[in-house]
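File shown here: structure04.cif, holding mmCIF, C-alpha atoms.
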```cif
data_work
#
loop_
_atom_site.group_PDB
_atom_site.id
_atom_site.type_symbol
_atom_site.label_atom_id
_atom_site.label_comp_id
_atom_site.auth_asym_id
_atom_site.auth_seq_id
_atom_site.Cartn_x
_atom_site.Cartn_y
_atom_site.Cartn_z
ATOM 1 C CA MET S 1281 73.289 -36.544 21.561
ATOM 2 C CA ALA S 1282 70.886 -38.035 19.037
ATOM 3 C CA GLN S 1283 72.134 -40.845 16.898
ATOM 4 C CA ALA S 1284 72.770 -40.016 13.236
ATOM 5 C CA TYR S 1285 74.290 -41.797 10.289
ATOM 6 C CA ALA S 1286 76.056 -39.976 7.454
ATOM 7 C CA LEU S 1287 77.502 -40.950 4.096
ATOM 8 C CA THR S 1288 79.182 -38.852 1.401
ATOM 9 C CA VAL S 1289 79.658 -40.366 -2.049
ATOM 10 C CA ALA S 1290 80.536 -39.206 -5.551
ATOM 11 C CA SER S 1291 77.505 -38.672 -7.774
ATOM 12 C CA ASP S 1292 78.051 -41.825 -9.765
ATOM 13 C CA LEU S 1293 75.355 -44.393 -10.609
ATOM 14 C CA ARG S 1294 77.767 -47.104 -9.514
ATOM 15 C CA ASN S 1295 77.337 -45.823 -5.946
ATOM 16 C CA LEU S 1296 73.577 -46.511 -5.867
ATOM 17 C CA GLU S 1297 74.001 -49.954 -4.341
ATOM 18 C CA ARG S 1298 76.290 -48.584 -1.631
ATOM 19 C CA ILE S 1299 73.735 -45.851 -0.881
ATOM 20 C CA ALA S 1300 70.961 -48.468 -0.655
ATOM 21 C CA GLU S 1301 72.951 -50.586 1.795
ATOM 22 C CA PHE S 1302 73.747 -47.516 3.893
ATOM 23 C CA VAL S 1303 70.128 -46.300 4.051
ATOM 24 C CA THR S 1304 68.720 -49.754 4.786
ATOM 25 C CA GLY S 1305 71.222 -50.250 7.621
ATOM 26 C CA ALA S 1306 70.674 -46.795 9.112
ATOM 27 C CA ALA S 1307 66.883 -46.990 8.851
ATOM 28 C CA THR S 1308 66.848 -50.371 10.571
ATOM 29 C CA ALA S 1309 69.191 -49.172 13.313
ATOM 30 C CA LEU S 1310 66.956 -46.135 13.848
ATOM 31 C CA GLY S 1311 63.833 -48.195 14.374
ATOM 32 C CA LEU S 1312 62.122 -48.789 11.044
ATOM 33 C CA ASP S 1313 60.828 -52.280 10.324
ATOM 34 C CA ASP S 1314 61.894 -54.200 7.203
ATOM 35 C CA GLN S 1315 59.073 -52.807 5.075
ATOM 36 C CA GLY S 1316 59.725 -49.215 6.162
ATOM 37 C CA ALA S 1317 63.452 -49.588 5.581
ATOM 38 C CA PHE S 1318 62.789 -50.963 2.089
ATOM 39 C CA GLU S 1319 60.455 -48.084 1.262
ATOM 40 C CA ILE S 1320 62.788 -45.307 2.424
ATOM 41 C CA GLN S 1321 65.691 -47.039 0.675
ATOM 42 C CA MET S 1322 63.738 -46.979 -2.574
ATOM 43 C CA ALA S 1323 62.739 -43.322 -2.153
ATOM 44 C CA VAL S 1324 66.398 -42.398 -1.570
ATOM 45 C CA ASP S 1325 67.510 -44.510 -4.551
ATOM 46 C CA GLU S 1326 65.120 -42.602 -6.814
ATOM 47 C CA ALA S 1327 66.188 -39.229 -5.395
ATOM 48 C CA CYS S 1328 69.894 -39.979 -5.813
ATOM 49 C CA THR S 1329 69.317 -41.278 -9.357
ATOM 50 C CA ASN S 1330 67.684 -37.944 -10.228
ATOM 51 C CA ILE S 1331 70.596 -36.025 -8.691
ATOM 52 C CA ILE S 1332 73.206 -38.071 -10.552
ATOM 53 C CA GLU S 1333 71.381 -38.020 -13.902
ATOM 54 C CA TYR S 1334 69.857 -34.527 -13.900
ATOM 55 C CA ALA S 1335 71.169 -32.226 -11.143
ATOM 56 C CA TYR S 1336 74.851 -32.580 -11.949
ATOM 57 C CA GLU S 1337 76.171 -31.746 -15.417
ATOM 58 C CA PRO S 1338 77.137 -34.911 -17.289
ATOM 59 C CA GLY S 1339 80.897 -35.417 -17.024
ATOM 60 C CA THR S 1340 81.319 -33.126 -14.031
ATOM 61 C CA PRO S 1341 80.165 -35.185 -11.098
ATOM 62 C CA GLY S 1342 79.907 -33.733 -7.638
ATOM 63 C CA GLU S 1343 79.135 -35.157 -4.242
ATOM 64 C CA ILE S 1344 75.980 -36.376 -2.540
ATOM 65 C CA GLU S 1345 75.746 -36.160 1.240
ATOM 66 C CA ILE S 1346 73.154 -38.318 2.983
ATOM 67 C CA ARG S 1347 72.241 -38.104 6.634
ATOM 68 C CA CYS S 1348 69.750 -40.293 8.514
ATOM 69 C CA GLU S 1349 68.458 -39.274 11.938
ATOM 70 C CA ILE S 1350 65.387 -39.255 14.132
ATOM 71 C CA GLU S 1351 63.178 -36.211 14.618
ATOM 72 C CA GLU S 1352 60.337 -36.911 17.023
ATOM 73 C CA ASP S 1353 58.372 -39.831 15.493
ATOM 74 C CA ASP S 1354 60.048 -39.706 12.090
ATOM 75 C CA LEU S 1355 63.143 -41.032 10.445
ATOM 76 C CA VAL S 1356 64.448 -38.089 8.438
ATOM 77 C CA VAL S 1357 66.795 -38.614 5.517
ATOM 78 C CA THR S 1358 68.496 -35.435 4.327
ATOM 79 C CA ILE S 1359 70.138 -35.482 0.893
ATOM 80 C CA HIS S 1360 72.389 -32.571 -0.029
ATOM 81 C CA ASP S 1361 73.784 -31.923 -3.499
ATOM 82 C CA ARG S 1362 75.273 -28.906 -5.242
ATOM 83 C CA GLY S 1363 73.816 -29.523 -8.682
ATOM 84 C CA ARG S 1364 71.146 -27.677 -10.614
ATOM 85 C CA PRO S 1365 68.065 -26.734 -8.615
ATOM 86 C CA PHE S 1366 64.860 -28.633 -9.153
ATOM 87 C CA ASP S 1367 61.256 -27.726 -8.435
ATOM 88 C CA LEU S 1368 59.526 -30.789 -7.005
ATOM 89 C CA SER S 1369 56.143 -29.081 -7.055
ATOM 90 C CA GLN S 1370 56.326 -28.751 -10.840
ATOM 91 C CA ALA S 1371 56.821 -32.490 -11.387
ATOM 92 C CA PRO S 1372 53.578 -33.920 -12.789
ATOM 93 C CA GLU S 1373 52.051 -37.006 -11.203
ATOM 94 C CA PRO S 1374 52.064 -39.862 -13.725
ATOM 95 C CA ASP S 1375 48.824 -41.677 -14.525
ATOM 96 C CA THR S 1376 49.412 -45.188 -13.151
ATOM 97 C CA THR S 1377 46.070 -46.512 -14.383
ATOM 98 C CA CYS S 1378 46.263 -45.869 -18.120
ATOM 99 C CA SER S 1379 46.962 -48.407 -20.853
ATOM 100 C CA LEU S 1380 50.372 -49.401 -22.144
ATOM 101 C CA ASP S 1381 50.124 -47.093 -25.168
ATOM 102 C CA GLU S 1382 49.328 -44.082 -23.008
ATOM 103 C CA ARG S 1383 52.021 -44.676 -20.415
ATOM 104 C CA GLN S 1384 54.559 -41.901 -20.027
ATOM 105 C CA ILE S 1385 58.164 -43.004 -19.821
ATOM 106 C CA GLY S 1386 59.159 -40.441 -17.169
ATOM 107 C CA GLY S 1387 57.895 -39.238 -13.812
ATOM 108 C CA LEU S 1388 57.835 -42.558 -11.990
ATOM 109 C CA GLY S 1389 60.835 -41.811 -9.778
ATOM 110 C CA ILE S 1390 59.191 -38.803 -8.161
ATOM 111 C CA HIS S 1391 55.918 -40.749 -7.928
ATOM 112 C CA PHE S 1392 57.755 -43.374 -5.859
ATOM 113 C CA MET S 1393 59.424 -40.707 -3.698
ATOM 114 C CA ARG S 1394 56.015 -39.245 -2.890
ATOM 115 C CA LYS S 1395 54.263 -42.575 -2.327
ATOM 116 C CA LEU S 1396 56.959 -44.167 -0.184
ATOM 117 C CA THR S 1397 57.500 -41.309 2.261
ATOM 118 C CA ASP S 1398 55.175 -39.454 4.611
ATOM 119 C CA ARG S 1399 56.486 -36.029 3.641
ATOM 120 C CA LEU S 1400 59.051 -34.448 1.325
ATOM 121 C CA SER S 1401 60.609 -30.999 1.418
ATOM 122 C CA LEU S 1402 63.154 -29.494 -0.952
ATOM 123 C CA GLN S 1403 65.083 -26.286 -0.468
ATOM 124 C CA CYS S 1404 67.307 -24.942 -3.243
ATOM 125 C CA GLY S 1405 69.788 -22.146 -2.496
ATOM 126 C CA PRO S 1406 73.348 -20.948 -3.029
ATOM 127 C CA GLU S 1407 74.680 -23.845 -0.946
ATOM 128 C CA GLY S 1408 72.886 -26.381 -3.120
ATOM 129 C CA ASN S 1409 69.752 -28.478 -2.854
ATOM 130 C CA VAL S 1410 68.569 -30.029 0.394
ATOM 131 C CA LEU S 1411 65.914 -32.714 0.077
ATOM 132 C CA ARG S 1412 64.381 -33.991 3.292
ATOM 133 C CA MET S 1413 62.353 -37.203 3.333
ATOM 134 C CA TYR S 1414 60.261 -38.114 6.365
ATOM 135 C CA LYS S 1415 59.238 -41.636 7.223
ATOM 136 C CA ARG S 1416 57.076 -42.336 10.274
ATOM 137 C CA ARG S 1417 58.492 -44.958 12.649
ATOM 138 C CA PRO S 1418 56.188 -47.755 13.818
ATOM 139 C CA ARG S 1419 54.940 -47.181 17.373
ATOM 140 C CA MET F 10 75.839 -55.594 -10.746
ATOM 141 C CA ILE F 11 73.302 -57.842 -12.398
ATOM 142 C CA GLU F 12 73.706 -61.159 -14.094
ATOM 143 C CA LEU F 13 71.656 -61.906 -17.200
ATOM 144 C CA THR F 14 71.293 -65.430 -18.503
ATOM 145 C CA GLN F 15 69.312 -66.561 -21.512
ATOM 146 C CA SER F 16 67.590 -69.861 -22.218
ATOM 147 C CA GLN F 17 64.883 -71.147 -24.520
ATOM 148 C CA CYS F 18 61.596 -72.390 -23.030
ATOM 149 C CA GLY F 19 59.102 -73.532 -25.664
ATOM 150 C CA GLN F 20 58.562 -70.638 -28.051
ATOM 151 C CA ALA F 21 59.928 -68.066 -25.646
ATOM 152 C CA LEU F 22 63.366 -66.722 -24.970
ATOM 153 C CA VAL F 23 63.749 -66.469 -21.201
ATOM 154 C CA ILE F 24 66.057 -63.813 -19.809
ATOM 155 C CA ALA F 25 66.788 -64.396 -16.128
ATOM 156 C CA VAL F 26 67.887 -61.401 -14.101
ATOM 157 C CA THR F 27 69.862 -61.829 -10.908
ATOM 158 C CA GLY F 28 70.661 -58.868 -8.664
ATOM 159 C CA ARG F 29 69.475 -55.347 -8.084
ATOM 160 C CA ILE F 30 67.917 -53.582 -11.088
ATOM 161 C CA ASP F 31 68.695 -49.920 -10.488
ATOM 162 C CA ALA F 32 69.728 -47.111 -12.843
ATOM 163 C CA SER F 33 73.349 -48.260 -12.902
ATOM 164 C CA VAL F 34 72.456 -51.560 -14.569
ATOM 165 C CA SER F 35 69.286 -50.741 -16.536
ATOM 166 C CA PRO F 36 71.304 -49.955 -19.699
ATOM 167 C CA GLN F 37 72.726 -53.491 -19.557
ATOM 168 C CA LEU F 38 69.224 -54.988 -19.365
ATOM 169 C CA GLU F 39 67.976 -52.593 -22.062
ATOM 170 C CA GLU F 40 70.741 -53.619 -24.454
ATOM 171 C CA THR F 41 70.091 -57.337 -23.864
ATOM 172 C CA LEU F 42 66.365 -56.924 -24.538
ATOM 173 C CA ARG F 43 66.985 -54.690 -27.562
ATOM 174 C CA GLN F 44 69.376 -57.228 -29.020
ATOM 175 C CA ALA F 45 66.993 -60.140 -28.419
ATOM 176 C CA LEU F 46 64.178 -58.296 -30.202
ATOM 177 C CA ALA F 47 66.509 -57.297 -33.046
ATOM 178 C CA GLU F 48 67.383 -60.976 -33.484
ATOM 179 C CA GLY F 49 63.692 -61.807 -33.871
ATOM 180 C CA HIS F 50 62.972 -63.113 -30.365
ATOM 181 C CA ILE F 51 59.595 -61.433 -30.072
ATOM 182 C CA ARG F 52 58.249 -63.797 -27.412
ATOM 183 C CA LEU F 53 60.201 -62.835 -24.341
ATOM 184 C CA VAL F 54 59.947 -63.843 -20.705
ATOM 185 C CA VAL F 55 61.916 -61.925 -18.105
ATOM 186 C CA ASN F 56 62.493 -64.149 -15.094
ATOM 187 C CA LEU F 57 62.624 -61.945 -12.014
ATOM 188 C CA ALA F 58 63.097 -64.726 -9.444
ATOM 189 C CA GLY F 59 66.647 -63.576 -8.755
ATOM 190 C CA ALA F 60 65.887 -59.836 -8.796
ATOM 191 C CA SER F 61 66.034 -58.360 -5.310
ATOM 192 C CA TYR F 62 64.918 -54.872 -6.364
ATOM 193 C CA ILE F 63 63.684 -52.863 -9.331
ATOM 194 C CA SER F 64 63.642 -49.069 -9.546
ATOM 195 C CA SER F 65 61.749 -46.762 -11.904
ATOM 196 C CA SER F 66 64.696 -47.004 -14.265
ATOM 197 C CA GLY F 67 64.246 -50.772 -14.551
ATOM 198 C CA LEU F 68 60.499 -50.353 -15.052
ATOM 199 C CA ARG F 69 61.104 -47.890 -17.890
ATOM 200 C CA THR F 70 63.450 -50.385 -19.541
ATOM 201 C CA LEU F 71 60.755 -53.080 -19.415
ATOM 202 C CA LEU F 72 58.098 -50.618 -20.646
ATOM 203 C CA VAL F 73 60.149 -49.714 -23.707
ATOM 204 C CA ALA F 74 60.832 -53.390 -24.441
ATOM 205 C CA VAL F 75 57.220 -54.562 -24.065
ATOM 206 C CA ARG F 76 56.054 -51.833 -26.442
ATOM 207 C CA GLN F 77 58.630 -52.857 -28.982
ATOM 208 C CA ALA F 78 57.801 -56.556 -28.609
ATOM 209 C CA ARG F 79 54.071 -55.904 -29.127
ATOM 210 C CA GLU F 80 54.784 -53.665 -32.125
ATOM 211 C CA GLN F 81 56.640 -56.604 -33.641
ATOM 212 C CA GLY F 82 53.678 -58.911 -32.984
ATOM 213 C CA GLY F 83 55.079 -60.544 -29.871
ATOM 214 C CA ASP F 84 55.022 -59.801 -26.166
ATOM 215 C CA LEU F 85 57.191 -59.545 -23.092
ATOM 216 C CA LYS F 86 55.926 -61.365 -20.006
ATOM 217 C CA LEU F 87 57.326 -61.488 -16.508
ATOM 218 C CA CYS F 88 57.581 -64.323 -14.045
ATOM 219 C CA ALA F 89 58.385 -65.116 -10.432
ATOM 220 C CA PRO F 90 58.877 -61.631 -9.011
ATOM 221 C CA ALA F 91 59.726 -61.510 -5.305
ATOM 222 C CA PRO F 92 57.089 -59.834 -3.091
ATOM 223 C CA ARG F 93 59.009 -56.526 -2.906
ATOM 224 C CA VAL F 94 59.431 -56.423 -6.677
ATOM 225 C CA ARG F 95 55.713 -57.140 -7.131
ATOM 226 C CA GLN F 96 55.005 -54.334 -4.729
ATOM 227 C CA VAL F 97 56.958 -51.913 -6.962
ATOM 228 C CA PHE F 98 55.009 -53.072 -10.019
ATOM 229 C CA ALA F 99 51.731 -52.502 -8.170
ATOM 230 C CA LEU F 100 52.789 -49.056 -6.960
ATOM 231 C CA ALA F 101 53.504 -48.022 -10.548
ATOM 232 C CA GLY F 102 50.349 -49.657 -11.879
ATOM 233 C CA PHE F 103 52.566 -51.853 -14.022
ATOM 234 C CA ASP F 104 50.811 -54.984 -12.840
ATOM 235 C CA MET F 105 48.034 -53.918 -15.233
ATOM 236 C CA VAL F 106 50.419 -53.439 -18.158
ATOM 237 C CA PHE F 107 52.450 -56.640 -17.903
ATOM 238 C CA GLU F 108 51.396 -60.234 -17.580
ATOM 239 C CA LEU F 109 52.947 -61.529 -14.361
ATOM 240 C CA TRP F 110 53.253 -65.306 -14.114
ATOM 241 C CA GLU F 111 54.173 -67.471 -11.199
ATOM 242 C CA SER F 112 56.700 -69.518 -13.152
ATOM 243 C CA CYS F 113 58.725 -69.288 -16.339
ATOM 244 C CA GLU F 114 57.096 -72.418 -17.688
ATOM 245 C CA GLN F 115 53.618 -70.918 -17.297
ATOM 246 C CA ALA F 116 54.700 -67.646 -18.882
ATOM 247 C CA ALA F 117 56.324 -69.434 -21.819
ATOM 248 C CA ALA F 118 53.353 -71.811 -22.276
ATOM 249 C CA SER F 119 50.937 -68.866 -22.364
ATOM 250 C CA PHE F 120 52.409 -67.832 -25.727
ATOM 251 C CA SER F 121 51.224 -71.003 -27.407
ATOM 252 C CA ALA F 122 48.158 -72.085 -25.433
ATOM 253 C CA PRO F 123 44.815 -71.242 -27.018
ATOM 254 C CA GLN F 124 43.070 -68.486 -25.163
ATOM 255 C CA GLY F 125 41.159 -69.804 -22.169
ATOM 256 C CA GLU F 126 43.157 -73.012 -21.987
ATOM 257 C CA CYS F 127 46.160 -71.721 -20.140
ATOM 258 C CA PRO F 128 46.408 -70.827 -16.469
ATOM 259 C CA GLN F 129 45.654 -67.224 -15.710
ATOM 260 C CA PRO F 130 48.383 -64.783 -14.763
ATOM 261 C CA TRP F 131 48.969 -63.992 -11.130
ATOM 262 C CA VAL F 132 46.369 -61.771 -9.585
ATOM 263 C CA ASP F 133 46.683 -60.332 -6.105
ATOM 264 C CA ASP F 134 44.050 -61.389 -3.597
#
```

Same coordinates, now as structure tokens:
Amino acid sequence: MAQAYALTVASDLRNLERIAEFVTGAATALGLDDQGAFEIQMAVDEACTNIIEYAYEPGTPGEIEIRCEIEEDDLVVTIHDRGRPFDLSQAPEPDTTCSLDERQIGGLGIHFMRKLTDRLSLQCGPEGNVLRMYKRRPR
Amino acid sequence: MIELTQSQCGQALVIAVTGRIDASVSPQLEETLRQALAEGHIRLVVNLAGASYISSSGLRTLLVAVRQAREQGGDLKLCAPAPRVRQVFALAGFDMVFELWESCEQAAASFSAPQGECPQPWVDD
């Protein structure tokens, strides 16, 4: 049976560090190098921050389930929440070249998620939202 | 958890950050910077030597503070970021918005040195 690592935590910002430690450890154990583990850790940190701050209603926290496993050449991190659905495709890409005055305050988290993974997929349904992040393992 | 310590270096107030700057601690950094600016410390240096990580939330906090500092006639400069933290700044294009200095002393001195007479900020090869 394929190796997998799973963590379930309350959707609380104070759990972000625990999530980061879990993802870094799992990614390393599943074959990513230090740089790859850092990058997927950051992508997951941004995704979980969005879930905690926007998917769940303030004051009524839910749970976040995270699973790390290998599929062919990729590390796949699956993040499941039961908060409000979100349409990733509608999130605008921030302009990272403009001047200070023109900088938008938002949108950077999703920019990082896109830049630091090889592929993202998000499915929203009655059972909640399932975000899958793919990170190619070094050969 | 982050630890924030303040010290004076020349004309600048240096705020040293130790720990992981994610969304759980950004409000703490934001409040410290807001308070420093409200007290008239418009020349700020954020020392990132002890910061192991910064997320988009931390970047937003710094963006808000640098805008406010410049509006008040000052600036917010950064020093000594670890390679991974520099990488995050580059990925966001923030290395073009902030002055990044190798050391606190250089960052602080750049506030008072006449233009052209101070060392240049860090530039990636």

Got a sec: who's within 9 Å of Thr1376 in chain S, counting only C-alpha atoms, leaving out chain neighbours fewer than 4 positions off, as a list in words?
Arg1383 and Leu1388 of chain S; Leu100, Ala101, Gly102 and Phe103 of chain F

Using the chain letters and numbers from the file, which residues does the PyMOL selection byres ((chain F and resi 78) around 10) grab, as a VMD selection string?
chain F and resid 42 to 43 45 to 47 49 to 53 72 to 77 79 to 85

Atomic distance CA of Ile1385 in chain S - CA of Ile1332 in chain S, expressed in Å with one decimal
18.3 Å

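Selecting chain F residues within 7 Å of chain S and counting only C-alpha atoms yields Ala32, Ser33, Ser65, Arg69, Ala101, Gly102 and Val106 of chain F.
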
Selection export as a tab-separated table (two decimals), keeping the file's coordinate frame, atoms kept: C-alpha atoms:
```tsv
chain	number	residue	atom	x	y	z
F	32	ALA	CA	69.73	-47.11	-12.84
F	33	SER	CA	73.35	-48.26	-12.90
F	65	SER	CA	61.75	-46.76	-11.90
F	69	ARG	CA	61.10	-47.89	-17.89
F	101	ALA	CA	53.50	-48.02	-10.55
F	102	GLY	CA	50.35	-49.66	-11.88
F	106	VAL	CA	50.42	-53.44	-18.16
```

Shell of 10 Å around Ala1282 in chain S, all atoms listed in the file, local chain residues under 5 positions omitted, as a PyMOL selection string:
chain S and resi 1349-1351

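Between CA of Asp1361 in chain S and CA of Gly1339 in chain S the separation is 15.7 Å.
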
Residues near Leu1310 in chain S, cut-off 9 Å, all atoms listed in the file, skip fewer than 2 positions along chain, as a ChimeraX atom specification:
/S:1283-1284,1305-1308,1312,1348-1350,1355,1417

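Minimum atom-to-atom distances from F:Ala118, F:Cys113, F:Ala60, F:Val94 to Ser16 in chain F were compared using only C-alpha atoms, and the lowest value belongs to F:Cys113.
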
Determine the residue set returned by the PyMOL selection byres ((chain F and resi 89) around 9) for the present structure, and present it as an NGL selection string.
:F and (56-59 or 87-88 or 90-91 or 109-113)
